[in-house]
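Below is run.txt, which holds compact mmCIF, C-alpha atoms and all ligand atoms.
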```
# COMPACT_ATOMS: atom_id res chain seq x y z
CA MET A 70 168.11 -56.82 215.04
CA PHE A 71 166.40 -58.90 217.67
CA GLU A 72 163.17 -56.98 217.11
CA ASN A 73 162.86 -58.87 213.83
CA LEU A 74 162.52 -62.20 215.61
CA LYS A 75 159.12 -63.81 215.76
CA ASP A 76 157.82 -66.17 218.40
CA GLN A 77 158.38 -69.79 217.40
CA PRO A 78 155.64 -72.40 217.75
CA ALA A 79 156.01 -74.30 221.03
CA ASP A 80 157.12 -77.93 220.75
CA LYS A 81 154.00 -79.82 221.82
CA ILE A 82 155.85 -82.51 223.73
CA LEU A 83 158.07 -80.09 225.65
CA ALA A 84 155.15 -77.72 226.38
CA LEU A 85 153.28 -80.64 227.91
CA MET A 86 156.25 -81.34 230.21
CA GLU A 87 155.98 -77.78 231.53
CA ALA A 88 152.19 -77.98 231.96
CA TYR A 89 152.58 -81.20 233.94
CA LYS A 90 155.19 -79.67 236.24
CA ALA A 91 152.92 -76.70 236.93
CA ASP A 92 149.90 -78.87 237.86
CA PRO A 93 149.58 -78.95 241.69
CA ARG A 94 147.47 -82.14 241.82
CA GLU A 95 149.29 -84.90 243.70
CA ASP A 96 147.67 -87.76 241.84
CA LYS A 97 148.54 -86.41 238.35
CA ILE A 98 149.93 -88.93 235.85
CA ASP A 99 152.64 -88.01 233.32
CA LEU A 100 152.32 -89.92 230.05
CA GLY A 101 154.01 -87.17 228.01
CA VAL A 102 157.67 -86.97 227.05
CA GLY A 103 159.42 -90.21 226.07
CA VAL A 104 161.51 -90.86 229.14
CA TYR A 105 161.51 -94.26 230.84
CA LYS A 106 160.31 -94.35 234.44
CA ASN A 107 160.52 -97.33 236.74
CA PRO A 108 157.52 -98.38 238.89
CA GLU A 109 158.60 -95.80 241.51
CA GLY A 110 158.40 -93.03 238.89
CA ILE A 111 162.18 -92.57 238.73
CA THR A 112 164.33 -92.42 235.60
CA PRO A 113 167.31 -94.27 237.03
CA VAL A 114 170.93 -94.18 235.93
CA MET A 115 171.50 -97.74 234.73
CA ARG A 116 173.92 -99.87 236.78
CA ALA A 117 176.32 -100.45 233.89
CA VAL A 118 176.33 -96.71 233.13
CA LYS A 119 177.36 -95.93 236.73
CA SER A 120 180.14 -98.54 236.55
CA ALA A 121 181.35 -97.25 233.19
CA GLU A 122 181.40 -93.67 234.49
CA GLN A 123 183.42 -94.76 237.49
CA ARG A 124 185.87 -96.54 235.23
CA ILE A 125 186.17 -93.50 232.95
CA TRP A 126 186.73 -91.24 235.97
CA GLU A 127 189.51 -93.50 237.21
CA GLU A 128 191.21 -94.19 233.90
CA GLN A 129 190.67 -91.19 231.64
CA GLU A 130 193.82 -89.08 231.41
CA THR A 131 192.77 -86.34 229.03
CA LYS A 132 189.76 -84.46 227.83
CA ALA A 133 191.53 -83.30 224.65
CA TYR A 134 189.55 -83.47 221.40
CA THR A 135 188.79 -86.84 219.86
CA GLY A 136 188.14 -86.62 216.08
CA LEU A 137 185.45 -84.88 214.06
CA ALA A 138 183.68 -88.21 213.68
CA GLY A 139 184.01 -88.91 217.42
CA ASP A 140 185.91 -91.80 218.98
CA PRO A 141 186.16 -94.70 216.47
CA MET A 142 185.56 -97.18 219.31
CA PHE A 143 182.10 -95.74 219.80
CA ALA A 144 181.24 -95.99 216.10
CA ASP A 145 182.53 -99.58 215.89
CA ALA A 146 180.59 -100.64 218.99
CA MET A 147 177.35 -99.01 217.85
CA ILE A 148 177.64 -100.34 214.30
CA GLY A 149 177.94 -103.80 215.83
CA LEU A 150 174.93 -103.23 218.09
CA VAL A 151 172.66 -101.87 215.35
CA LEU A 152 173.82 -103.68 212.24
CA GLY A 153 175.26 -106.92 213.63
CA ASP A 154 176.93 -108.68 210.71
CA ALA A 155 174.37 -107.53 208.12
CA VAL A 156 177.05 -105.51 206.31
CA SER A 157 180.80 -105.31 206.64
CA ARG A 158 182.44 -102.47 208.55
CA ASP A 159 184.03 -100.97 205.45
CA GLN A 160 180.60 -100.38 203.95
CA VAL A 161 179.65 -98.03 206.77
CA SER A 162 180.59 -94.35 207.16
CA ALA A 163 179.67 -93.01 210.58
CA VAL A 164 179.87 -89.96 212.82
CA ALA A 165 178.98 -89.46 216.47
CA THR A 166 176.29 -86.81 216.97
CA PRO A 167 174.62 -85.00 219.85
CA GLY A 168 171.80 -87.50 220.44
CA GLY A 169 169.60 -89.24 217.92
CA THR A 170 168.17 -85.85 216.98
CA GLY A 171 171.67 -84.71 215.99
CA ALA A 172 171.98 -87.78 213.76
CA VAL A 173 168.60 -87.07 212.18
CA ARG A 174 169.56 -83.46 211.54
CA GLN A 175 172.92 -84.39 209.98
CA ALA A 176 171.22 -87.03 207.80
CA PHE A 177 168.76 -84.45 206.47
CA GLU A 178 171.63 -82.05 205.74
CA LEU A 179 173.60 -84.78 203.95
CA ILE A 180 170.55 -85.58 201.81
CA ARG A 181 170.16 -81.90 200.93
CA MET A 182 173.85 -81.65 199.99
CA ALA A 183 173.80 -84.81 197.86
CA ASN A 184 170.46 -84.22 196.18
CA PRO A 185 168.94 -80.75 196.74
CA GLY A 186 165.73 -81.76 194.98
CA ALA A 187 165.09 -84.85 197.09
CA ARG A 188 161.68 -85.15 198.70
CA ILE A 189 161.45 -86.91 202.04
CA PHE A 190 158.46 -89.18 202.58
CA VAL A 191 157.36 -89.26 206.23
CA SER A 192 154.81 -91.45 207.97
CA ASP A 193 151.50 -89.91 208.99
CA PRO A 194 151.99 -89.44 211.87
CA THR A 195 155.68 -89.19 212.71
CA TRP A 196 157.71 -87.68 215.56
CA PRO A 197 156.73 -83.96 215.33
CA ASN A 198 160.37 -82.84 215.46
CA HIS A 199 161.11 -84.70 212.19
CA LEU A 200 158.66 -82.37 210.46
CA SER A 201 159.85 -79.32 212.33
CA ILE A 202 163.51 -79.86 211.34
CA LEU A 203 162.60 -80.64 207.73
CA LYS A 204 160.54 -77.48 207.50
CA TYR A 205 163.37 -75.45 209.04
CA LEU A 206 165.81 -76.87 206.48
CA GLY A 207 163.40 -76.15 203.64
CA ILE A 208 163.21 -79.76 202.52
CA GLU A 209 160.02 -80.83 200.76
CA THR A 210 158.07 -83.53 202.55
CA VAL A 211 155.38 -85.92 201.37
CA SER A 212 153.40 -87.84 203.96
CA TYR A 213 152.46 -91.48 203.54
CA ARG A 214 149.57 -93.18 205.31
CA TYR A 215 150.73 -95.22 208.27
CA PHE A 216 148.34 -95.50 211.20
CA ASP A 217 144.84 -96.92 211.03
CA SER A 218 143.01 -95.45 214.03
CA SER A 219 140.07 -97.83 213.57
CA THR A 220 142.28 -100.87 214.31
CA GLY A 221 145.22 -99.28 216.13
CA GLY A 222 147.48 -101.03 213.61
CA VAL A 223 149.41 -100.05 210.48
CA ASP A 224 147.45 -99.11 207.36
CA PHE A 225 149.82 -101.14 205.23
CA ALA A 226 147.75 -101.04 202.04
CA GLY A 227 147.51 -97.24 202.32
CA MET A 228 151.23 -96.96 203.01
CA MET A 229 152.17 -99.03 199.96
CA GLU A 230 149.79 -97.10 197.77
CA ASP A 231 151.34 -93.81 198.88
CA LEU A 232 154.87 -95.15 198.38
CA GLY A 233 153.76 -95.78 194.80
CA GLN A 234 154.42 -92.06 194.18
CA LEU A 235 158.15 -92.42 194.87
CA LYS A 236 160.59 -91.14 192.27
CA ALA A 237 164.27 -91.97 191.93
CA GLY A 238 166.29 -89.93 194.43
CA ASP A 239 163.44 -89.53 196.94
CA VAL A 240 164.04 -90.54 200.54
CA VAL A 241 161.68 -92.50 202.79
CA LEU A 242 161.97 -91.91 206.53
CA LEU A 243 161.12 -95.08 208.44
CA HIS A 244 161.14 -95.88 212.16
CA GLY A 245 163.38 -98.92 212.74
CA CYS A 246 161.22 -100.22 215.60
CA CYS A 247 158.80 -98.95 218.26
CA HIS A 248 157.15 -96.34 216.00
CA ASN A 249 156.88 -92.92 217.63
CA PRO A 250 154.11 -91.79 218.19
CA THR A 251 151.84 -94.72 217.37
CA GLY A 252 153.51 -97.89 218.76
CA ALA A 253 152.27 -99.76 215.64
CA ASN A 254 154.99 -101.51 213.63
CA LEU A 255 155.51 -103.32 210.35
CA ASN A 256 156.23 -107.04 210.46
CA LEU A 257 159.22 -108.44 208.57
CA THR A 258 157.15 -109.53 205.58
CA GLU A 259 155.86 -105.98 205.27
CA TRP A 260 159.38 -104.58 205.61
CA LYS A 261 160.45 -106.80 202.71
CA ALA A 262 157.65 -105.41 200.56
CA VAL A 263 158.70 -101.85 201.48
CA VAL A 264 162.31 -102.63 200.56
CA ALA A 265 161.15 -104.00 197.19
CA ARG A 266 159.08 -100.88 196.53
CA LEU A 267 161.96 -98.54 197.39
CA THR A 268 164.42 -100.53 195.30
CA GLU A 269 162.07 -100.55 192.34
CA ALA A 270 161.64 -96.76 192.60
CA GLY A 271 165.32 -95.99 193.22
CA ALA A 272 164.45 -94.31 196.54
CA LEU A 273 166.74 -94.21 199.56
CA PRO A 274 165.63 -95.45 203.00
CA MET A 275 166.52 -93.40 206.05
CA ILE A 276 165.87 -95.21 209.30
CA ASP A 277 165.49 -93.54 212.66
CA ILE A 278 166.11 -96.10 215.41
CA ALA A 279 165.75 -94.57 218.86
CA TYR A 280 164.27 -97.43 220.88
CA GLN A 281 166.33 -100.54 220.13
CA GLY A 282 165.73 -103.01 222.97
CA PHE A 283 162.40 -101.50 224.02
CA GLY A 284 160.21 -103.61 221.71
CA ASP A 285 160.92 -107.32 221.26
CA GLY A 286 164.61 -107.41 222.21
CA LEU A 287 167.92 -105.94 221.01
CA ASP A 288 168.38 -108.17 217.95
CA GLU A 289 164.68 -108.45 217.16
CA ASP A 290 164.32 -104.65 217.14
CA ALA A 291 167.29 -104.32 214.78
CA ALA A 292 166.04 -106.97 212.34
CA ALA A 293 164.37 -104.48 210.00
CA VAL A 294 167.40 -102.15 209.91
CA ARG A 295 169.65 -105.12 209.15
CA LEU A 296 167.33 -106.32 206.42
CA VAL A 297 167.26 -102.88 204.79
CA ALA A 298 171.02 -102.29 205.09
CA SER A 299 171.84 -105.63 203.50
CA SER A 300 169.27 -105.29 200.68
CA VAL A 301 169.52 -101.78 199.26
CA PRO A 302 172.40 -100.02 197.48
CA GLU A 303 172.50 -97.17 200.03
CA CYS A 304 170.76 -96.17 203.24
CA LEU A 305 171.06 -93.79 206.18
CA ILE A 306 170.57 -94.82 209.81
CA ALA A 307 170.20 -92.43 212.75
CA ALA A 308 170.64 -94.27 216.07
CA SER A 309 170.04 -92.89 219.55
CA CYS A 310 171.55 -94.08 222.84
CA SER A 311 169.30 -91.83 224.92
CA LYS A 312 166.64 -94.39 225.77
CA ASN A 313 168.29 -97.81 225.73
CA PHE A 314 171.27 -96.59 227.80
CA GLY A 315 169.13 -94.08 229.75
CA ILE A 316 171.66 -91.30 229.04
CA TYR A 317 169.18 -88.75 227.71
CA ARG A 318 171.00 -85.58 228.77
CA GLU A 319 174.42 -86.81 227.61
CA ARG A 320 173.25 -86.40 223.98
CA THR A 321 174.66 -89.53 222.40
CA GLY A 322 173.85 -90.74 218.90
CA LEU A 323 175.42 -92.07 215.72
CA LEU A 324 174.67 -91.38 212.08
CA MET A 325 175.54 -94.21 209.70
CA ALA A 326 175.63 -94.10 205.91
CA VAL A 327 175.75 -97.61 204.43
CA ALA A 328 176.72 -98.24 200.81
CA GLN A 329 177.19 -101.48 198.89
CA ASP A 330 179.78 -99.62 196.83
CA ARG A 331 182.81 -99.44 199.12
CA GLY A 332 184.38 -96.88 196.79
CA LEU A 333 181.93 -94.25 198.08
CA GLY A 334 183.08 -94.59 201.68
CA ARG A 335 185.97 -92.13 201.76
CA THR A 336 184.02 -89.18 200.35
CA THR A 337 180.88 -89.99 202.34
CA GLN A 338 182.88 -90.19 205.57
CA GLY A 339 184.56 -86.88 204.69
CA ASN A 340 181.21 -85.20 204.13
CA LEU A 341 179.81 -86.46 207.42
CA ALA A 342 182.87 -85.13 209.27
CA PHE A 343 182.54 -81.83 207.36
CA LEU A 344 178.93 -81.49 208.52
CA ASN A 345 179.97 -82.09 212.12
CA ARG A 346 182.63 -79.39 211.77
CA GLN A 347 180.15 -76.89 210.33
CA ASN A 348 177.47 -77.49 212.92
CA TYR A 349 179.26 -78.03 216.23
CA SER A 350 182.77 -79.22 215.42
CA PHE A 351 183.63 -82.19 217.65
CA PRO A 352 180.67 -84.24 218.89
CA PRO A 353 180.21 -84.76 222.66
CA ASP A 354 182.26 -87.63 224.02
CA HIS A 355 181.16 -88.51 227.55
CA GLY A 356 178.01 -90.45 226.64
CA ALA A 357 179.73 -92.08 223.68
CA ARG A 358 182.56 -93.25 225.96
CA ILE A 359 180.04 -94.69 228.43
CA VAL A 360 178.42 -96.64 225.60
CA SER A 361 181.67 -97.97 224.13
CA THR A 362 182.95 -98.89 227.62
CA ILE A 363 179.80 -100.94 228.22
CA LEU A 364 179.62 -102.56 224.81
CA THR A 365 183.28 -103.64 224.77
CA ASP A 366 183.29 -105.20 228.25
CA ASP A 367 181.55 -108.58 228.58
CA GLY A 368 180.51 -108.06 232.21
CA LEU A 369 179.17 -104.54 231.77
CA ARG A 370 177.44 -105.48 228.55
CA ALA A 371 175.68 -108.46 230.16
CA ASP A 372 174.55 -106.30 233.09
CA TRP A 373 173.29 -103.57 230.76
CA GLN A 374 171.38 -106.09 228.66
CA ALA A 375 169.80 -107.63 231.77
CA GLU A 376 168.64 -104.24 233.04
CA LEU A 377 167.38 -103.23 229.61
CA GLU A 378 165.43 -106.48 229.43
CA ASP A 379 163.78 -105.66 232.78
CA VAL A 380 162.81 -102.26 231.39
CA ARG A 381 161.33 -103.86 228.28
CA LEU A 382 159.40 -106.49 230.21
CA ASN A 383 158.07 -103.86 232.62
CA MET A 384 156.59 -101.89 229.71
CA LEU A 385 155.19 -105.05 228.15
CA GLY A 386 153.55 -106.01 231.46
CA LEU A 387 151.97 -102.56 231.73
CA ARG A 388 150.62 -102.86 228.18
CA GLU A 389 149.02 -106.20 228.98
CA GLN A 390 147.59 -104.97 232.26
CA LEU A 391 146.11 -101.88 230.58
CA ALA A 392 144.60 -103.84 227.69
CA SER A 393 142.97 -106.38 230.02
CA GLU A 394 141.72 -103.72 232.45
CA LEU A 395 140.14 -101.87 229.52
CA GLN A 396 138.58 -105.05 228.26
CA ARG A 397 137.06 -105.68 231.68
CA LEU A 398 135.71 -102.14 232.06
CA SER A 399 134.53 -101.61 228.50
CA GLY A 400 133.37 -105.17 227.89
CA SER A 401 135.02 -105.06 224.45
CA ASP A 402 138.27 -106.02 222.73
CA ARG A 403 138.72 -102.69 221.06
CA PHE A 404 141.77 -101.78 223.13
CA HIS A 405 143.56 -105.03 222.40
CA PHE A 406 145.98 -103.15 220.11
CA LEU A 407 147.63 -101.68 223.22
CA ALA A 408 149.07 -105.11 224.04
CA GLN A 409 150.23 -105.56 220.44
CA HIS A 410 151.99 -102.21 220.17
CA ARG A 411 155.68 -102.15 220.99
CA GLY A 412 158.03 -99.65 222.57
CA MET A 413 157.38 -96.73 224.80
CA PHE A 414 154.38 -95.24 223.04
CA SER A 415 150.86 -96.07 222.02
CA ARG A 416 148.46 -93.83 220.23
CA LEU A 417 145.05 -94.26 221.78
CA GLY A 418 143.33 -92.89 218.69
CA CYS A 419 140.85 -90.59 220.46
CA ALA A 420 139.84 -86.98 219.78
CA PRO A 421 141.87 -84.01 221.14
CA GLU A 422 138.84 -82.98 223.26
CA GLN A 423 138.93 -86.37 224.98
CA VAL A 424 142.67 -85.96 225.64
CA GLU A 425 141.79 -82.58 227.16
CA THR A 426 139.08 -84.16 229.35
CA LEU A 427 141.60 -86.69 230.66
CA ARG A 428 143.95 -83.86 231.58
CA LYS A 429 141.35 -81.55 233.12
CA ASP A 430 139.23 -84.07 234.98
CA HIS A 431 141.82 -86.68 235.90
CA GLY A 432 145.25 -84.98 235.76
CA ILE A 433 146.35 -87.45 233.06
CA TYR A 434 148.84 -85.87 230.67
CA MET A 435 149.27 -87.32 227.19
CA VAL A 436 150.24 -85.60 223.92
CA GLY A 437 147.30 -83.95 222.10
CA ASP A 438 147.30 -86.61 219.37
CA SER A 439 146.56 -89.16 222.17
CA ARG A 440 150.11 -90.55 222.34
CA MET A 441 150.76 -92.12 225.74
CA ASN A 442 154.13 -92.94 227.23
CA ILE A 443 153.40 -96.39 228.64
CA ALA A 444 156.47 -96.15 230.90
CA GLY A 445 154.76 -93.29 232.75
CA LEU A 446 152.39 -95.86 234.27
CA ASN A 447 152.74 -98.39 237.07
CA SER A 448 150.51 -101.20 238.29
CA THR A 449 148.61 -98.78 240.58
CA THR A 450 147.96 -96.10 237.98
CA VAL A 451 146.94 -98.47 235.15
CA PRO A 452 143.44 -99.09 236.63
CA LEU A 453 143.00 -95.33 237.19
CA LEU A 454 143.88 -94.61 233.56
CA ALA A 455 141.60 -97.39 232.30
CA ARG A 456 138.69 -96.07 234.36
CA ALA A 457 139.31 -92.50 233.13
CA ILE A 458 139.45 -93.66 229.47
CA VAL A 459 136.14 -95.47 229.77
CA ASP A 460 134.52 -92.58 231.70
CA ALA A 461 135.66 -90.13 229.01
CA GLY A 462 133.69 -92.21 226.49
CA ILE A 463 136.76 -93.21 224.45
C1 LIG B 501 159.68 -88.02 222.62
O1 LIG B 501 159.21 -88.25 221.50
O2 LIG B 501 158.96 -87.78 223.60
C2 LIG B 501 161.16 -88.07 222.83
O3 LIG B 501 161.80 -88.46 221.66
C3 LIG B 501 161.71 -86.85 223.43
C4 LIG B 501 161.76 -85.70 222.49
O4 LIG B 501 162.83 -85.12 222.34
O5 LIG B 501 160.72 -85.36 221.90
```

Give the structure from this file in structure tokens form.
Ligand code: LMR
Amino acid sequence: MFENLKDQPADKILALMEAYKADPREDKIDLGVGVYKNPEGITPVMRAVKSAEQRIWEEQETKAYTGLAGDPMFADAMIGLVLGDAVSRDQVSAVATPGGTGAVRQAFELIRMANPGARIFVSDPTWPNHLSILKYLGIETVSYRYFDSSTGGVDFAGMMEDLGQLKAGDVVLLHGCCHNPTGANLNLTEWKAVVARLTEAGALPMIDIAYQGFGDGLDEDAAAVRLVASSVPECLIAASCSKNFGIYRERTGLLMAVAQDRGLGRTTQGNLAFLNRQNYSFPPDHGARIVSTILTDDGLRADWQAELEDVRLNMLGLREQLASELQRLSGSDRFHFLAQHRGMFSRLGCAPEQVETLRKDHGIYMVGDSRMNIAGLNSTTVPLLARAIVDAGI
């Protein structure tokens, strides 16, 4: 049977990780996979995570199964973190998932169950794995314009024009904050216009929020999700704890289905639990328990927020340093968008051959579409990157 298998296309981001590891150059710079690194190049375990793990180790008396939806404390804590008081708890059905990717996958499956003919509109570009999973599930996608490489900002007019094709029952996948891969984001006025367009068309928003706290702050980054959830009849939200809690390998995420009609909650919750059971049964618990331990303890929560804020400000400082260094070297403002982008990533907007030149000649690794992980830099490597960008004629 195995002889029938065909080679699968390599995931571009993960292949880049391998290529970087294999490069013997000591001064190589990794701007590939979206993992936060501190100025020493380490992805640290956050202080509050260590404390929570210690507490769990001391106090946990069983590793018996939780529930198909995961531990309710985790869902409650995450719903509070993401949605604040935008909706009431009984409007939200939720299941714990293995990472944000697990939440995205379960959301797509729920959409396919509820409306097999639904098309999913995705930004051009979007996280490549969105497209890969959708293709694997056989769900039709339509791309909408999003990034304007001439300005480094959002092509909002193009986006709205493309969302003009929406039909009732379609789904629009949106990035809640810190757009991956571009770093360019809608402002709240634009979000309101998107909500109006979706409502008018009878389309359902699905929001992927994987970087809350990495852009403008925890509440600021959740403002769009809260606006959407409180304005539309129904929406889906896939949240990841990988980045903002730094617990990547623990695979911790939550899928939320929000409905104004509370009567839909019982069946929706049952379907989400059913999907968990079909795909992997009980979701992983360790990361979820770390998160709920932190979010329900005032001291741990304050410490986590303080460390997360340092992470955010470090990335913002690097953005500003890079934009000003590029302005100095190029004598132009054309890289100013790097300081305006938010989150971990920025798309430089250059040609794949130029990305290749940066890798070959300078040992600088970024994704082929010119997405850079800003957190892969530090104050010493920023000037090296800026010089390489200018030398490569970008
Ligand atoms: C990324 O975009 O680099 C991250 O979300 C990691 C991943 O799984 O691709």

Using only C-alpha atoms and all ligand atoms, what are the residues with an atom within 6 Å of ligand LIG 501 (chain B), set out as a list in words?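 Going residue by residue within 6 Å of ligand LIG 501 (chain B), we get Ile82, Val102 and Gly103 of chain A.
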
Give me, please, the distance in Å between atom CA of A:Arg358 and atom CA of A:Glu289, quoted to one decimal.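 Result for atom CA of A:Arg358 versus atom CA of A:Glu289: 25.1 Å, one decimal.
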
Spatial neighbours of A:Ala146, 12 Å, all atoms listed in the file, chain gap at least 5 places, as an MDAnalysis selection string: chainID A and resid 140:141 151:153 158 163 165 310 322:323 357:366 370

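Candidate residues A:Asp99, A:Phe351, A:Leu324, A:Ala408 were compared for distance to A:Asp145, and the nearest is A:Leu324, using all atoms listed in the file.
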
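When atom CA of A:Val211 is paired with atom CA of A:Pro167, their separation reads 26.7 Å.
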
Residues near A:Met182, anyone? I mean within 10 Å using only C-alpha atoms, not counting same-chain ones fewer than 6 positions away, as a VMD selection string. chain A and resid 176 340 344

I'd like to know which of A:Glu378, A:Cys419, A:Val451, A:Gly245 is closest to A:Pro108, using all atoms listed in the file.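 Of the candidates, the smallest distance to A:Pro108 is held by A:Val451.
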
Just checking: using all atoms listed in the file, which residue out of A:Arg346, A:Glu389, A:Val327, A:Lys261 ends up closest to A:Leu305?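 The answer is A:Val327, which sits nearest to A:Leu305.
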
Choose the residue, out of A:Glu128, A:Asp460, A:Asp290, A:Asp379, that has the smallest atom-to-atom separation from A:Asn254; count all atoms listed in the file.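 Checking each of A:Glu128, A:Asp460, A:Asp290, A:Asp379 against A:Asn254, counting all atoms listed in the file, the winner is A:Asp290.
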
Judged by all atoms listed in the file, the minimum distance to A:Leu398 among A:Arg456, A:Lys97, A:Arg318, A:Arg440 is found for A:Arg456

Taking only C-alpha atoms into account, which of A:Lys132, A:Met441, A:Arg124, A:Ile98 comes nearest A:Leu453?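 Counting only C-alpha atoms, the residue closest to A:Leu453 is A:Ile98.
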
Within 8 Å of A:Gly221 using only C-alpha atoms, minus same-chain residues under 3 positions, as a PyMOL selection string: chain A and resi 216-218+253+406-407+416-418

Between atom CA of A:Arg397 and atom CA of A:Ile463, what distance in Å does the model show, to one decimal? 14.4 Å

Output as AutoDock Vina command-line options the centre and edge lengths (Å, one decimal) of the box along x, y and z of the file that holds every listed atom of stretch 76-84 of chain A after adding 5 Å on each side.
```
--center_x 156.2 --center_y -74.3 --center_z 221.9 --size_x 14.4 --size_y 26.3 --size_z 19.0
```

Within 7 Å of A:Gly169, counting all atoms listed in the file, which residues show up once you throw out same-chain ones fewer than 5 positions away? Write them as a PDB file with C-alpha atoms, in the coordinates of the input, please.
```
ATOM      1  CA  ALA A 279     165.750 -94.570 218.860  1.00  0.00           C
ATOM      2  CA  ALA A 307     170.200 -92.430 212.750  1.00  0.00           C
ATOM      3  CA  ALA A 308     170.640 -94.270 216.070  1.00  0.00           C
ATOM      4  CA  SER A 309     170.040 -92.890 219.550  1.00  0.00           C
ATOM      5  CA  THR A 321     174.660 -89.530 222.400  1.00  0.00           C
ATOM      6  CA  GLY A 322     173.850 -90.740 218.900  1.00  0.00           C
ATOM      7  CA  LEU A 323     175.420 -92.070 215.720  1.00  0.00           C
TER       8      LEU A 323
END
```
